[in-house]
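What follows is work-v9.cif (mmCIF, C-alpha atoms).
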data_input
#
loop_
_atom_site.group_PDB
_atom_site.id
_atom_site.type_symbol
_atom_site.label_atom_id
_atom_site.label_comp_id
_atom_site.auth_asym_id
_atom_site.auth_seq_id
_atom_site.Cartn_x
_atom_site.Cartn_y
_atom_site.Cartn_z
ATOM 1 C CA MET A 1 0.000 0.000 0.000
ATOM 2 C CA LEU A 2 2.717 2.494 0.948
ATOM 3 C CA ASN A 3 4.796 1.575 -2.095
ATOM 4 C CA ASN A 4 2.452 3.515 -4.399
ATOM 5 C CA ILE A 5 2.552 6.904 -2.615
ATOM 6 C CA GLY A 6 5.310 8.546 -4.636
ATOM 7 C CA LEU A 7 6.586 12.125 -4.461
ATOM 8 C CA PRO A 8 3.245 13.879 -5.179
ATOM 9 C CA GLY A 9 1.564 11.910 -2.394
ATOM 10 C CA ILE A 10 4.305 12.748 0.095
ATOM 11 C CA LEU A 11 4.069 16.443 -0.820
ATOM 12 C CA LEU A 12 0.296 16.372 -0.374
ATOM 13 C CA ILE A 13 0.651 14.755 3.053
ATOM 14 C CA ALA A 14 3.261 17.359 4.051
ATOM 15 C CA VAL A 15 0.971 20.222 3.005
ATOM 16 C CA VAL A 16 -1.987 18.755 4.900
ATOM 17 C CA VAL A 17 0.112 18.281 8.043
ATOM 18 C CA LEU A 18 1.432 21.845 7.744
ATOM 19 C CA VAL A 19 -2.095 23.234 7.398
ATOM 20 C CA LEU A 20 -3.469 21.197 10.296
ATOM 21 C CA PHE A 21 -0.712 21.800 12.815
ATOM 22 C CA GLY A 22 0.806 25.095 11.704
ATOM 23 C CA ARG A 23 4.399 26.067 11.198
ATOM 24 C CA GLY A 24 5.132 26.901 14.843
ATOM 25 C CA LYS A 25 3.909 23.611 16.226
ATOM 26 C CA ILE A 26 5.841 21.555 13.669
ATOM 27 C CA SER A 27 8.974 23.631 14.325
ATOM 28 C CA SER A 28 8.763 23.070 18.075
ATOM 29 C CA LEU A 29 8.088 19.367 17.532
ATOM 30 C CA MET A 30 11.175 19.013 15.338
ATOM 31 C CA GLY A 31 13.203 20.874 17.982
ATOM 32 C CA GLU A 32 12.078 18.356 20.590
ATOM 33 C CA VAL A 33 12.956 15.472 18.259
ATOM 34 C CA GLY A 34 16.435 16.971 17.800
ATOM 35 C CA LYS A 35 16.899 17.277 21.560
ATOM 36 C CA GLY A 36 15.824 13.661 21.994
ATOM 37 C CA ILE A 37 18.304 12.445 19.397
ATOM 38 C CA THR A 38 21.084 14.467 21.036
ATOM 39 C CA ALA A 39 20.234 13.056 24.475
ATOM 40 C CA PHE A 40 20.178 9.515 23.056
ATOM 41 C CA LYS A 41 23.605 9.927 21.447
ATOM 42 C CA LYS A 42 25.009 11.362 24.693
ATOM 43 C CA GLY A 43 23.593 8.428 26.675
ATOM 44 C CA VAL A 44 25.105 5.893 24.298
ATOM 45 C CA LYS A 45 28.476 7.665 24.442
ATOM 46 C CA ASP A 46 28.425 7.839 28.255
ATOM 47 C CA SER A 47 27.538 4.166 28.639
ATOM 48 C CA THR A 48 30.253 3.162 26.173
ATOM 49 C CA GLU A 49 32.830 5.162 28.122
ATOM 50 C CA GLU A 50 31.615 3.609 31.388
ATOM 51 C CA ILE A 51 31.971 0.095 29.963
ATOM 52 C CA GLU A 52 35.487 0.881 28.734
ATOM 53 C CA GLN A 53 36.464 2.285 32.155
ATOM 54 C CA ASP A 54 35.103 -0.815 33.902
ATOM 55 C CA ALA A 55 37.039 -3.060 31.537
ATOM 56 C CA ALA A 56 40.239 -1.083 32.142
ATOM 57 C CA ALA A 57 39.757 -1.298 35.914
ATOM 58 C CA GLU A 58 39.306 -5.056 35.748
ATOM 59 C CA ALA A 59 42.357 -5.591 33.549
ATOM 60 C CA LYS A 60 45.083 -7.573 35.286
ATOM 61 C CA ASP A 61 48.797 -7.051 35.069
ATOM 62 C CA ILE A 62 50.243 -10.395 33.978
ATOM 63 C CA THR A 63 53.873 -9.273 33.946
ATOM 64 C CA PRO A 64 56.003 -11.648 36.042
ATOM 65 C CA GLU A 65 57.244 -10.182 39.335
ATOM 66 C CA THR A 66 60.858 -10.471 38.218
ATOM 67 C CA GLU A 67 60.206 -8.396 35.099
ATOM 68 C CA LYS A 68 58.376 -5.603 36.981
ATOM 69 C CA ASP A 69 61.509 -4.555 38.896
ATOM 70 C CA LYS A 70 63.665 -4.282 35.761
ATOM 71 C CA ALA A 71 61.736 -1.337 34.322
#

Would you kindly transcribe this structure into structure tokens?
Amino acid sequence: MLNNIGLPGILLIAVVVLVLFGRGKISSLMGEVGKGITAFKKGVKDSTEEIEQDAAAEAKDITPETEKDKA
């Protein structure tokens, strides 16, 4: 069903949405979507850094005791 919409159909839908909701409401909605995407990316980045820090903290030094003193 959605395969037959095409460019004219998408433009018609966009015009109807713009008329129904108005420019200001759509603009504020898109701003909120942008903030949500930014917050999501920040959360993913923070959790990745936390996982890397945990892995680094759990890493063990496997250098033999005799080799540690030579450095």

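Atom pair CA of Asn3 in chain A / CA of Ser27 in chain A: separated by 27.8 Å.
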
- Query: What does the distance from CA of Glu58 in chain A to CA of Val44 in chain A come to in Å, to one decimal?
  - Reply: 21.3 Å

- Point-to-point distance from CA of Lys45 in chain A to CA of Lys60 in chain A, Å rounded to tenths: 25.0 Å

Let me know the centre plus edge lengths, in Å and rounded to one decimal, of a box with edges along x, y and z that contains all listed atoms of range 39-55 of chain A and is padded by 3 Å on every side, as lines of an AutoDock Vina configuration file.
center_x = 28.6
center_y = 5.0
center_z = 27.7
size_x = 22.9
size_y = 22.1
size_z = 18.5
